[in-house]
>>> print(open('input_16.csv').read())   # CSV, C-alpha atoms
chain,number,residue,atom,x,y,z
I,12,MET,CA,187.7,-91.6,231.2
I,13,VAL,CA,184.1,-90.3,231.4
I,14,LEU,CA,181.5,-93.1,231.2
I,15,THR,CA,178.3,-92.3,229.4
I,16,PRO,CA,175.4,-93.1,231.8
I,17,LYS,CA,173.4,-96.1,230.7
I,18,TYR,CA,170.1,-95.3,229.2
I,19,LYS,CA,167.3,-95.8,231.6
I,20,PRO,CA,163.8,-96.3,230.1
I,21,HIS,CA,161.0,-94.3,231.5
I,22,PRO,CA,157.3,-95.1,231.4
I,23,ARG,CA,155.3,-93.4,228.6
I,24,PRO,CA,151.5,-93.4,229.2
I,25,PHE,CA,148.8,-94.0,226.7
I,26,GLY,CA,145.0,-94.1,226.8
I,27,GLY,CA,141.8,-94.6,224.9
I,28,LEU,CA,141.0,-97.9,223.3
I,29,TYR,CA,144.7,-98.9,223.6
I,30,LEU,CA,144.6,-98.6,227.4
I,31,GLU,CA,141.3,-100.6,227.5
I,32,VAL,CA,142.8,-103.5,225.6
I,33,ALA,CA,146.1,-103.3,227.6
I,34,SER,CA,144.0,-103.4,230.8
I,35,LYS,CA,142.2,-106.6,229.6
I,36,LEU,CA,145.5,-108.2,228.8
I,37,ASP,CA,146.9,-107.1,232.1
I,38,SER,CA,144.0,-108.6,234.0
I,39,ALA,CA,144.6,-111.9,232.4
I,40,TYR,CA,148.4,-111.7,232.7
I,41,PRO,CA,149.4,-109.2,235.5
I,42,GLY,CA,152.5,-107.1,234.7
I,43,TYR,CA,151.6,-106.8,231.0
I,44,LEU,CA,150.6,-103.1,231.3
I,45,ASN,CA,153.8,-102.2,233.1
I,46,ARG,CA,155.9,-103.8,230.5
I,47,MET,CA,154.1,-101.9,227.8
I,48,LEU,CA,154.7,-98.6,229.5
I,49,TYR,CA,158.4,-99.2,229.3
I,50,ALA,CA,158.6,-100.9,225.9
I,51,SER,CA,160.5,-99.5,223.0
I,52,THR,CA,158.7,-97.4,220.4
I,53,LEU,CA,158.6,-100.2,217.9
I,54,LYS,CA,157.5,-102.9,220.4
I,55,ARG,CA,154.8,-100.6,221.6
I,56,ASN,CA,153.5,-99.7,218.2
I,57,ILE,CA,153.4,-103.3,216.8
I,58,GLN,CA,151.3,-104.2,219.8
I,59,PHE,CA,149.1,-101.2,219.3
I,60,ALA,CA,148.7,-102.4,215.7
I,61,ALA,CA,147.7,-105.8,216.9
I,62,TYR,CA,145.1,-104.7,219.4
I,63,PRO,CA,142.3,-104.0,216.8
I,64,GLU,CA,142.9,-107.5,215.4
I,65,ILE,CA,142.0,-109.1,218.7
I,66,ASP,CA,138.4,-110.3,219.0
I,67,PHE,CA,137.8,-110.6,222.7
I,68,SER,CA,134.6,-112.5,222.1
I,69,GLN,CA,136.8,-115.2,220.5
I,70,PRO,CA,140.3,-114.7,222.0
I,71,HIS,CA,141.3,-118.2,221.1
I,72,LEU,CA,141.5,-117.2,217.5
I,73,MET,CA,144.3,-114.7,218.0
I,74,ALA,CA,145.9,-117.1,220.6
I,75,ALA,CA,146.1,-119.8,217.9
I,76,ARG,CA,147.7,-117.4,215.4
I,77,LEU,CA,150.3,-116.3,218.0
I,78,ARG,CA,151.0,-119.9,219.1
I,79,ALA,CA,152.6,-120.7,215.7
I,80,PHE,CA,155.4,-118.2,216.6
I,81,ALA,CA,155.4,-118.6,220.4
I,82,PRO,CA,154.4,-122.1,221.4
I,83,ASP,CA,155.8,-121.9,224.9
I,84,ALA,CA,154.0,-118.6,225.7
I,85,CYS,CA,150.7,-119.9,224.3
I,86,CYS,CA,150.3,-122.9,226.5
I,87,PRO,CA,146.8,-124.3,225.7
I,88,SER,CA,146.2,-124.8,229.4
I,89,LEU,CA,146.3,-121.0,230.0
I,90,ASP,CA,143.4,-118.6,229.5
I,91,PRO,CA,143.4,-117.4,225.8
I,92,VAL,CA,143.7,-113.8,226.8
I,93,ALA,CA,146.7,-114.6,229.0
I,94,GLN,CA,148.2,-116.5,226.0
I,95,ILE,CA,147.9,-113.4,223.9
I,96,ALA,CA,149.5,-111.1,226.5
I,97,ARG,CA,152.4,-113.5,227.1
I,98,SER,CA,153.0,-113.9,223.3
I,99,LEU,CA,152.9,-110.1,222.6
I,100,LEU,CA,155.6,-109.6,225.3
I,101,ALA,CA,157.7,-112.6,224.2
I,102,LEU,CA,157.7,-112.2,220.4
I,103,TYR,CA,159.9,-110.0,218.2
I,104,PRO,CA,157.9,-107.3,216.4
I,105,ARG,CA,158.3,-109.1,213.1
I,106,ASP,CA,156.6,-112.2,214.4
I,107,ILE,CA,153.8,-110.2,216.0
I,108,ALA,CA,153.2,-108.6,212.6
I,109,ARG,CA,153.1,-112.0,210.9
I,110,ALA,CA,150.6,-113.3,213.5
I,111,ALA,CA,148.4,-110.2,213.4
I,112,PHE,CA,148.5,-109.4,209.6
I,113,GLY,CA,149.8,-112.5,207.9
I,114,SER,CA,152.9,-110.9,206.4
I,115,VAL,CA,155.5,-108.2,207.0
I,116,PRO,CA,155.7,-105.9,204.0
I,117,GLU,CA,159.0,-104.2,203.4
I,118,GLY,CA,159.2,-100.8,205.2
I,119,PHE,CA,156.2,-101.6,207.5
I,120,LEU,CA,158.1,-102.1,210.7
I,121,GLY,CA,160.5,-99.2,209.9
I,122,VAL,CA,157.5,-96.8,209.8
I,123,LEU,CA,156.0,-98.2,213.0
I,124,GLY,CA,159.3,-97.5,214.7
I,125,ARG,CA,159.1,-93.9,213.7
I,126,ILE,CA,155.6,-93.2,214.8
I,127,GLY,CA,156.7,-92.1,218.2
I,128,ASP,CA,155.7,-93.2,221.7
I,129,ASP,CA,152.0,-92.1,221.4
I,130,PRO,CA,149.8,-94.5,219.4
I,131,LEU,CA,148.0,-93.4,216.2
I,132,PRO,CA,144.8,-91.5,217.0
I,133,GLU,CA,142.6,-94.2,215.4
I,134,PRO,CA,143.3,-97.9,215.9
I,135,ALA,CA,142.2,-98.5,212.3
I,136,ASP,CA,145.2,-96.3,211.1
I,137,TYR,CA,147.5,-99.2,211.8
I,138,ARG,CA,145.6,-101.4,209.3
I,139,LEU,CA,145.9,-98.4,206.9
I,140,VAL,CA,149.7,-98.4,207.4
I,141,PHE,CA,149.8,-102.1,206.7
I,142,ASN,CA,147.7,-101.9,203.5
I,143,LEU,CA,149.8,-99.0,202.4
I,144,PHE,CA,152.9,-101.2,202.4
I,145,ALA,CA,151.2,-104.5,201.5
I,146,ASP,CA,149.4,-103.4,198.4
I,147,PRO,CA,151.7,-103.1,195.3
I,148,ALA,CA,149.3,-100.4,194.0
I,149,ASN,CA,150.4,-98.2,196.9
I,150,LYS,CA,154.2,-98.6,196.3
I,151,ALA,CA,154.8,-95.0,195.4
I,152,ARG,CA,152.7,-93.8,198.4
I,153,ALA,CA,154.6,-96.1,200.8
I,154,LYS,CA,157.8,-94.7,199.4
I,155,LEU,CA,156.8,-91.2,200.5
I,156,LEU,CA,156.8,-92.5,204.1
I,157,ARG,CA,159.9,-94.6,203.8
I,158,GLN,CA,162.0,-91.6,202.5
I,159,LYS,CA,160.6,-89.1,204.9
I,160,ALA,CA,163.1,-88.1,207.5
I,161,GLY,CA,162.2,-88.1,211.2
I,162,GLN,CA,159.0,-89.0,212.9
I,163,VAL,CA,155.9,-90.2,211.0
I,164,SER,CA,152.5,-89.1,212.2
I,165,ALA,CA,148.9,-89.8,211.4
I,166,LYS,CA,148.9,-86.6,209.4
I,167,HIS,CA,151.6,-88.0,207.1
I,168,LEU,CA,149.6,-91.2,206.7
I,169,SER,CA,146.5,-89.3,205.7
I,170,ILE,CA,148.4,-87.0,203.3
I,171,SER,CA,150.1,-90.0,201.6
I,172,MET,CA,146.7,-91.6,200.9
I,173,LEU,CA,144.9,-88.3,199.9
I,174,LEU,CA,147.3,-87.1,197.2
I,175,ALA,CA,146.2,-87.6,193.7
I,176,PRO,CA,148.5,-90.1,191.8
I,177,VAL,CA,150.2,-87.3,189.8
I,178,LEU,CA,151.0,-85.5,193.1
I,179,VAL,CA,152.6,-88.5,194.7
I,180,HIS,CA,156.1,-87.0,194.7
I,181,GLN,CA,158.6,-86.6,197.5
I,182,LYS,CA,159.0,-82.9,197.0
I,183,VAL,CA,155.3,-82.4,197.2
I,184,PHE,CA,155.0,-84.6,200.3
I,185,GLU,CA,157.7,-82.7,202.1
I,186,ARG,CA,155.9,-79.4,201.5
I,187,ILE,CA,152.4,-80.3,202.6
I,188,ARG,CA,151.5,-79.5,206.2
I,189,SER,CA,147.9,-80.8,206.5
I,190,ALA,CA,145.3,-83.1,204.9
I,191,GLU,CA,143.3,-79.9,204.0
I,192,VAL,CA,146.3,-78.6,201.9
I,193,ALA,CA,146.5,-82.0,200.2
I,194,GLU,CA,142.8,-81.8,199.2
I,195,THR,CA,143.3,-78.2,198.0
I,196,LEU,CA,146.2,-79.3,195.8
I,197,ASN,CA,144.0,-82.1,194.3
I,198,MET,CA,141.4,-79.5,193.5
I,199,ALA,CA,144.1,-77.3,191.9
I,200,LEU,CA,145.2,-80.3,189.8
I,201,ASP,CA,141.7,-80.8,188.6
I,202,LEU,CA,141.6,-77.2,187.5
I,203,ILE,CA,144.9,-77.5,185.7
I,204,ARG,CA,143.7,-80.5,183.8
I,205,GLN,CA,140.5,-78.6,182.9
I,206,LEU,CA,142.5,-75.7,181.5
I,207,HIS,CA,145.2,-77.9,179.9
I,208,PRO,CA,143.3,-80.9,178.4
I,209,THR,CA,146.3,-82.0,176.4
I,210,ALA,CA,148.7,-82.1,179.4
I,211,THR,CA,149.6,-85.7,180.3
I,212,ASP,CA,150.0,-87.1,183.8
I,213,GLU,CA,153.6,-87.8,183.0
I,214,ALA,CA,154.2,-84.1,182.0
I,215,LEU,CA,152.5,-82.9,185.1
I,216,HIS,CA,154.4,-85.2,187.4
I,217,ALA,CA,157.7,-84.4,185.7
I,218,SER,CA,157.2,-80.7,186.2
I,219,LEU,CA,157.3,-81.4,190.0
I,220,ASP,CA,161.0,-82.3,189.7
I,221,GLY,CA,161.9,-78.7,189.2
I,222,LEU,CA,160.1,-77.2,192.2
I,223,SER,CA,161.9,-74.2,193.4
I,224,PRO,CA,163.2,-74.3,197.0
I,225,LYS,CA,161.3,-71.0,197.6
I,226,ASP,CA,158.0,-72.6,196.6
I,227,HIS,CA,157.2,-73.8,200.1
I,228,ASP,CA,153.5,-74.6,199.5
I,229,LEU,CA,153.4,-75.3,195.7
I,230,SER,CA,151.5,-72.1,195.1
I,231,ASP,CA,154.1,-71.1,192.5
I,232,TRP,CA,153.8,-74.4,190.7
I,233,VAL,CA,150.0,-74.2,190.5
I,234,GLY,CA,150.2,-70.5,189.5
I,235,THR,CA,152.7,-71.3,186.7
I,236,TRP,CA,150.4,-73.9,185.2
I,237,LEU,CA,147.4,-71.6,185.5
I,238,SER,CA,149.2,-68.7,183.9
I,239,LYS,CA,149.9,-70.9,180.8
I,240,ALA,CA,146.3,-71.8,180.2
I,241,GLU,CA,145.0,-71.1,176.7
I,242,ALA,CA,141.3,-71.2,177.9
I,243,VAL,CA,139.2,-69.9,180.8
I,244,PRO,CA,136.6,-72.0,182.8
I,245,MET,CA,133.8,-69.4,182.5
I,246,THR,CA,131.6,-68.7,179.4
I,247,SER,CA,132.0,-65.2,178.0
I,248,PRO,CA,128.9,-63.0,178.1
I,249,PHE,CA,129.7,-61.9,174.6
I,250,PRO,CA,129.5,-63.9,171.3
I,251,ALA,CA,132.8,-65.5,170.3
I,252,ASP,CA,132.8,-63.6,167.0
I,253,ASP,CA,132.1,-60.2,168.6
I,254,PRO,CA,134.1,-57.8,166.4
I,255,ASP,CA,134.9,-55.4,169.2
I,256,LEU,CA,135.9,-57.7,172.0
I,257,ARG,CA,138.7,-60.2,172.2
I,258,LEU,CA,138.7,-62.6,175.2
I,259,ILE,CA,142.1,-62.9,176.7
I,260,SER,CA,143.3,-66.2,178.1
I,261,PRO,CA,145.8,-66.4,181.0
I,262,ALA,CA,148.6,-67.3,178.6
I,263,LYS,CA,147.9,-64.1,176.5
I,264,LEU,CA,147.9,-61.7,179.5
I,265,PRO,CA,151.7,-61.0,179.5
I,266,GLU,CA,151.6,-59.9,175.8
I,267,LEU,CA,148.5,-57.7,176.6
I,268,GLY,CA,150.3,-56.2,179.5
I,269,ARG,CA,153.4,-55.4,177.4
I,270,ARG,CA,151.3,-53.6,174.8
I,271,PHE,CA,149.2,-51.7,177.3
I,272,LYS,CA,152.1,-51.2,179.7
I,273,ASN,CA,150.1,-52.5,182.7
I,274,CYS,CA,150.1,-55.5,185.1
I,275,ALA,CA,147.5,-57.6,183.2
I,276,ALA,CA,149.6,-60.7,183.8
I,277,SER,CA,148.7,-60.5,187.5
I,278,TYR,CA,145.1,-61.5,186.6
I,279,ALA,CA,146.2,-65.0,185.4
I,280,SER,CA,145.0,-66.8,188.5
I,281,TYR,CA,141.8,-64.8,188.7
I,282,LEU,CA,140.9,-65.8,185.1
I,283,ALA,CA,141.8,-69.4,185.8
I,284,LEU,CA,139.6,-69.5,188.8
I,285,GLY,CA,136.7,-68.0,186.9
I,286,THR,CA,136.3,-65.0,189.1
I,287,HIS,CA,137.2,-62.5,186.3
I,288,LEU,CA,137.3,-62.2,182.5
I,289,VAL,CA,139.7,-59.8,180.7
I,290,PHE,CA,138.8,-58.4,177.2
I,291,GLU,CA,140.7,-56.2,174.8
I,292,TRP,CA,138.5,-53.6,173.1
I,293,THR,CA,139.5,-53.8,169.4
I,294,ARG,CA,137.1,-51.4,167.6
I,295,PRO,CA,139.2,-49.6,164.9
I,296,GLY,CA,140.7,-46.4,166.2
I,297,GLN,CA,139.9,-47.3,169.8
I,298,SER,CA,141.8,-49.4,172.4
I,299,ALA,CA,141.2,-50.4,176.0
I,300,VAL,CA,141.4,-53.3,178.5
I,301,ILE,CA,138.1,-54.3,180.2
I,302,VAL,CA,138.0,-56.4,183.3
I,303,LEU,CA,134.7,-58.0,184.4
I,304,ARG,CA,134.0,-59.7,187.7
I,305,SER,CA,131.7,-62.7,188.0
I,306,LEU,CA,128.7,-62.5,190.4
I,307,ARG,CA,127.0,-65.4,192.1
I,308,ASP,CA,123.9,-65.2,190.0
I,309,GLY,CA,125.8,-65.6,186.8
I,310,ARG,CA,125.9,-61.9,185.8
I,311,TRP,CA,129.0,-59.8,185.3
I,312,LEU,CA,130.2,-56.6,186.8
I,313,ILE,CA,132.5,-54.0,185.2
I,314,GLU,CA,135.6,-53.8,187.5
I,315,GLN,CA,138.1,-51.9,185.4
I,316,VAL,CA,138.3,-50.1,182.0
I,317,ARG,CA,141.8,-49.0,181.2
I,318,SER,CA,143.8,-47.6,178.3
I,319,GLU,CA,147.6,-47.6,178.0
I,320,SER,CA,149.6,-47.3,181.2
I,321,ASN,CA,146.4,-47.7,183.2
I,322,GLY,CA,145.0,-44.4,182.0
I,323,VAL,CA,141.3,-43.6,181.3
I,324,PRO,CA,140.2,-44.2,177.7
I,325,ASP,CA,139.0,-41.2,175.7
I,326,ARG,CA,135.4,-40.1,175.7
I,327,GLU,CA,134.4,-41.7,172.4
I,328,THR,CA,135.8,-45.1,173.5
I,329,LEU,CA,134.1,-45.0,176.9
I,330,VAL,CA,130.8,-44.2,175.3
I,331,ALA,CA,131.2,-47.1,172.9
I,332,ILE,CA,132.2,-49.5,175.6
I,333,ARG,CA,129.4,-48.5,177.9
I,334,GLU,CA,126.8,-49.1,175.1
I,335,LYS,CA,128.2,-52.4,174.2
I,336,LEU,CA,128.4,-53.6,177.9
I,337,GLN,CA,125.0,-52.3,178.8
I,338,GLY,CA,123.6,-54.1,175.7
I,339,HIS,CA,124.7,-57.4,177.1
I,340,GLY,CA,123.4,-56.7,180.6
I,341,ILE,CA,126.8,-56.1,182.2
I,342,LEU,CA,126.4,-54.3,185.5
I,343,ARG,CA,128.5,-51.5,186.9
I,344,TYR,CA,129.2,-50.1,190.4
I,345,GLY,CA,126.7,-47.8,192.0
I,346,GLY,CA,127.4,-44.5,193.8
I,347,ALA,CA,126.9,-42.1,190.9
I,348,GLY,CA,127.4,-38.5,192.0
I,349,ARG,CA,129.4,-39.5,195.0
I,350,ALA,CA,132.6,-40.7,193.3
I,351,GLU,CA,134.9,-38.3,195.0
I,352,ILE,CA,133.7,-38.8,198.5
I,353,THR,CA,133.6,-42.6,197.9
I,354,LYS,CA,137.1,-42.6,196.6
I,355,ARG,CA,138.5,-40.5,199.5
I,356,LEU,CA,136.7,-42.1,202.4
I,357,ALA,CA,136.9,-45.7,201.1
I,358,HIS,CA,140.6,-45.4,200.9
I,359,PHE,CA,140.8,-43.5,204.3
I,360,LEU,CA,138.7,-46.3,205.9
I,361,ARG,CA,140.6,-49.0,204.0
I,362,LEU,CA,137.4,-50.2,202.3
I,363,TYR,CA,139.3,-51.6,199.4
I,364,GLY,CA,136.4,-53.7,198.1
I,365,LEU,CA,134.6,-50.5,197.1
I,366,GLU,CA,137.5,-49.1,195.2
I,367,GLY,CA,138.4,-52.2,193.2
I,368,HIS,CA,141.4,-54.4,193.8
I,369,GLY,CA,143.3,-53.4,196.9
I,370,ASP,CA,146.6,-54.5,195.4
I,371,LEU,CA,146.2,-52.2,192.5
I,372,LEU,CA,145.2,-49.3,194.7
I,373,ASP,CA,148.2,-49.9,196.9
I,374,GLU,CA,150.4,-49.2,193.9
I,375,GLY,CA,148.8,-45.8,193.4
I,376,LEU,CA,146.9,-46.6,190.2
I,377,PRO,CA,143.8,-44.7,189.2
I,378,ASP,CA,140.6,-45.6,191.0
I,379,PRO,CA,138.6,-48.0,188.8
I,380,PHE,CA,135.5,-47.3,190.8
I,381,GLU,CA,135.5,-43.7,189.8
I,382,ASP,CA,136.6,-44.4,186.2
I,383,VAL,CA,133.6,-46.7,185.5
I,384,THR,CA,130.8,-45.0,187.4
I,385,ASP,CA,131.8,-41.3,187.1
I,386,ALA,CA,133.8,-40.9,183.9
I,387,VAL,CA,131.6,-43.1,181.8
I,388,GLY,CA,128.5,-41.4,183.1
I,389,GLN,CA,130.0,-38.0,182.2
I,390,ALA,CA,131.0,-39.2,178.8
I,391,ALA,CA,127.3,-39.9,178.0
>>> encode(input="input_16.csv", output="structure tokens")
Amino acid sequence: MVLTPKYKPHPRPFGGLYLEVASKLDSAYPGYLNRMLYASTLKRNIQFAAYPEIDFSQPHLMAARLRAFAPDACCPSLDPVAQIARSLLALYPRDIARAAFGSVPEGFLGVLGRIGDDPLPEPADYRLVFNLFADPANKARAKLLRQKAGQVSAKHLSISMLLAPVLVHQKVFERIRSAEVAETLNMALDLIRQLHPTATDEALHASLDGLSPKDHDLSDWVGTWLSKAEAVPMTSPFPADDPDLRLISPAKLPELGRRFKNCAASYASYLALGTHLVFEWTRPGQSAVIVLRSLRDGRWLIEQVRSESNGVPDRETLVAIREKLQGHGILRYGGAGRAEITKRLAHFLRLYGLEGHGDLLDEGLPDPFEDVTDAVGQAA
């Protein structure tokens, strides 16, 4: 029979404020620091959590709180700091939590036991963990941590507190890798609400239940909501009743794409973000799709003018579009007279910003730069 070797604990170092406090306790009660180095993960972390609650200018206050649970360790004849050290070593984690915080919320100790051997970066984070489990208003956020498998880090604590209430969902929590991503998702949610003013929080939250396993960062979820928007966040440079131009919303792009046999639907997120506007040219006997790009100063730039199957509109249509757009101060790309060299060398040098959208050019579509600056100019 093979006997499994008995587990032998090994010292795990720590530093910063935690080491400063432990050193003070060790000075008053020698051996305390060594015990902490070998303590279990939960026993270490509950003491780390208690450290910020100790006021060393009035150590008798914490000693009195601990004495209620460890009267023998907190002998009044001892130095108050020594009483604290003795009590922290003698008490069970639950009793230390009661003395330090006044109560032990359900799940609090379980999370402390999964933080790992290293203490949280900021001592105040332990109070944050306590408040997360103690405040009924944070019940859903605390549930994220309780149901998370494996180790819990300061990053997870931060994410659980940063998420907007609608996004407090286990499937969301499992996909977020940083606090920055959580903040980005909150911004995306604000945009979705702006574009879907009738969408309720319940509907938004319920839609998270069906997240695809392939949607690792929720970009598909956000993109789906944006693509269904019936409005755009930017104001059109043309009157709403202009007889020649119909503003296309993200939700209307697929239908436009089917009629013109192009990839108009791919512009949904651009429209939702306000970087572009798409119009259908509806003058009788003429048809085209016009894409405008917003500039920092509030003006608009012609990015694409397309007919069916991404072709170039006929001369009469181009002239009419040019006159209409110029009349409203819409800008166009420069480089007149150098369209061919610009097209060839920009592609050769991979200067896709000069040619238009790199993703369109990669598909072998006509060069929008040449179409707008060269073909329209010749049509005049």
>>> closest_residue(input="input_16.csv", among="I:Glu117, I:Leu89, I:Asp129, I:Met172", to="Asn149 of chain I", atoms="only C-alpha atoms")
I:Met172
>>> closest_residue(input="input_16.csv", among="I:Ser280, I:Ser260, I:Ser164, I:Ser114", to="Thr235 of chain I", atoms="all atoms listed in the file")
I:Ser280
>>> atom_distance(input="input_16.csv", atom1="atom CA of Glu314 of chain I", atom2="atom CA of Trp236 of chain I")
25.1 Å
>>> residues_near_point(input="input_16.csv", point="(146.8, -108.4, 210.6)", cutoff="9 Å", atoms="all atoms listed in the file", output="PyMOL selection string")
chain I and resi 60-61+63-64+108-114+138+141
>>> closest_residue(input="input_16.csv", among="I:Gln181, I:Ser88, I:Asn142, I:Thr209", to="Lys154 of chain I", atoms="all atoms listed in the file")
I:Gln181
>>> atom_distance(input="input_16.csv", atom1="atom CA of Arg55 of chain I", atom2="atom CA of Gly124 of chain I")
8.8 Å
>>> atom_distance(input="input_16.csv", atom1="atom CA of Arg186 of chain I", atom2="atom CA of Asp226 of chain I")
8.6 Å
>>> residues_near_point(input="input_16.csv", point="(150.2, -84.6, 198.0)", cutoff="10 Å", atoms="only C-alpha atoms", output="number ranges by chain")
I: 152, 155, 167, 169-190, 192-197
>>> residues_around(input="input_16.csv", residues="segment 303-306 of chain I", least_positions_apart="2", cutoff="7 Å", atoms="all atoms listed in the file", output="VMD selection string")
chain I and resid 286 to 289 301 308 to 314
>>> closest_residue(input="input_16.csv", among="I:Asp128, I:Met198, I:Lys54, I:Met245", to="Ile107 of chain I", atoms="all atoms listed in the file")
I:Lys54
>>> residues_around(input="input_16.csv", residues="Gly26 of chain I", least_positions_apart="5", cutoff="12 Å", atoms="only C-alpha atoms", output="count of residues only")
14
>>> closest_residue(input="input_16.csv", among="I:Val302, I:Ala251, I:Ala283, I:Thr211", to="Val233 of chain I", atoms="all atoms listed in the file")
I:Ala283
>>> build_atoms(input="input_16.csv", residues="segment 84-95 of chain I", atoms="N, CA, C and O atoms", output="PDB file, keeping the file's coordinate frame")
ATOM      1  N   ALA I  84     154.824-119.633 225.045  1.00  0.00           N
ATOM      2  CA  ALA I  84     154.000-118.600 225.700  1.00  0.00           C
ATOM      3  C   ALA I  84     152.529-118.905 225.590  1.00  0.00           C
ATOM      4  O   ALA I  84     151.749-118.527 226.469  1.00  0.00           O
ATOM      5  N   CYS I  85     152.149-119.582 224.515  1.00  0.00           N
ATOM      6  CA  CYS I  85     150.700-119.900 224.300  1.00  0.00           C
ATOM      7  C   CYS I  85     150.392-121.290 224.742  1.00  0.00           C
ATOM      8  O   CYS I  85     149.895-122.117 223.950  1.00  0.00           O
ATOM      9  N   CYS I  86     150.666-121.577 225.963  1.00  0.00           N
ATOM     10  CA  CYS I  86     150.300-122.900 226.500  1.00  0.00           C
ATOM     11  C   CYS I  86     148.825-123.080 226.489  1.00  0.00           C
ATOM     12  O   CYS I  86     148.087-122.261 227.064  1.00  0.00           O
ATOM     13  N   PRO I  87     148.300-124.122 225.847  1.00  0.00           N
ATOM     14  CA  PRO I  87     146.800-124.300 225.700  1.00  0.00           C
ATOM     15  C   PRO I  87     146.114-124.366 227.060  1.00  0.00           C
ATOM     16  O   PRO I  87     144.907-124.109 227.116  1.00  0.00           O
ATOM     17  N   SER I  88     146.840-124.689 228.122  1.00  0.00           N
ATOM     18  CA  SER I  88     146.200-124.800 229.400  1.00  0.00           C
ATOM     19  C   SER I  88     145.870-123.397 230.011  1.00  0.00           C
ATOM     20  O   SER I  88     145.072-123.287 230.951  1.00  0.00           O
ATOM     21  N   LEU I  89     146.486-122.343 229.468  1.00  0.00           N
ATOM     22  CA  LEU I  89     146.300-121.000 230.000  1.00  0.00           C
ATOM     23  C   LEU I  89     145.016-120.372 229.355  1.00  0.00           C
ATOM     24  O   LEU I  89     144.551-120.772 228.282  1.00  0.00           O
ATOM     25  N   ASP I  90     144.495-119.363 230.019  1.00  0.00           N
ATOM     26  CA  ASP I  90     143.400-118.600 229.500  1.00  0.00           C
ATOM     27  C   ASP I  90     143.843-117.973 228.138  1.00  0.00           C
ATOM     28  O   ASP I  90     144.972-117.471 228.035  1.00  0.00           O
ATOM     29  N   PRO I  91     142.998-117.980 227.092  1.00  0.00           N
ATOM     30  CA  PRO I  91     143.400-117.400 225.800  1.00  0.00           C
ATOM     31  C   PRO I  91     143.898-115.992 225.831  1.00  0.00           C
ATOM     32  O   PRO I  91     144.846-115.631 225.123  1.00  0.00           O
ATOM     33  N   VAL I  92     143.267-115.165 226.663  1.00  0.00           N
ATOM     34  CA  VAL I  92     143.700-113.800 226.800  1.00  0.00           C
ATOM     35  C   VAL I  92     145.091-113.693 227.373  1.00  0.00           C
ATOM     36  O   VAL I  92     145.935-112.891 226.954  1.00  0.00           O
ATOM     37  N   ALA I  93     145.355-114.547 228.343  1.00  0.00           N
ATOM     38  CA  ALA I  93     146.700-114.600 229.000  1.00  0.00           C
ATOM     39  C   ALA I  93     147.725-115.062 227.937  1.00  0.00           C
ATOM     40  O   ALA I  93     148.859-114.567 227.904  1.00  0.00           O
ATOM     41  N   GLN I  94     147.328-116.016 227.081  1.00  0.00           N
ATOM     42  CA  GLN I  94     148.200-116.500 226.000  1.00  0.00           C
ATOM     43  C   GLN I  94     148.605-115.320 225.087  1.00  0.00           C
ATOM     44  O   GLN I  94     149.762-115.186 224.680  1.00  0.00           O
ATOM     45  N   ILE I  95     147.618-114.515 224.746  1.00  0.00           N
ATOM     46  CA  ILE I  95     147.900-113.400 223.900  1.00  0.00           C
ATOM     47  C   ILE I  95     148.854-112.404 224.516  1.00  0.00           C
ATOM     48  O   ILE I  95     149.823-111.964 223.895  1.00  0.00           O
TER      49      ILE I  95
END
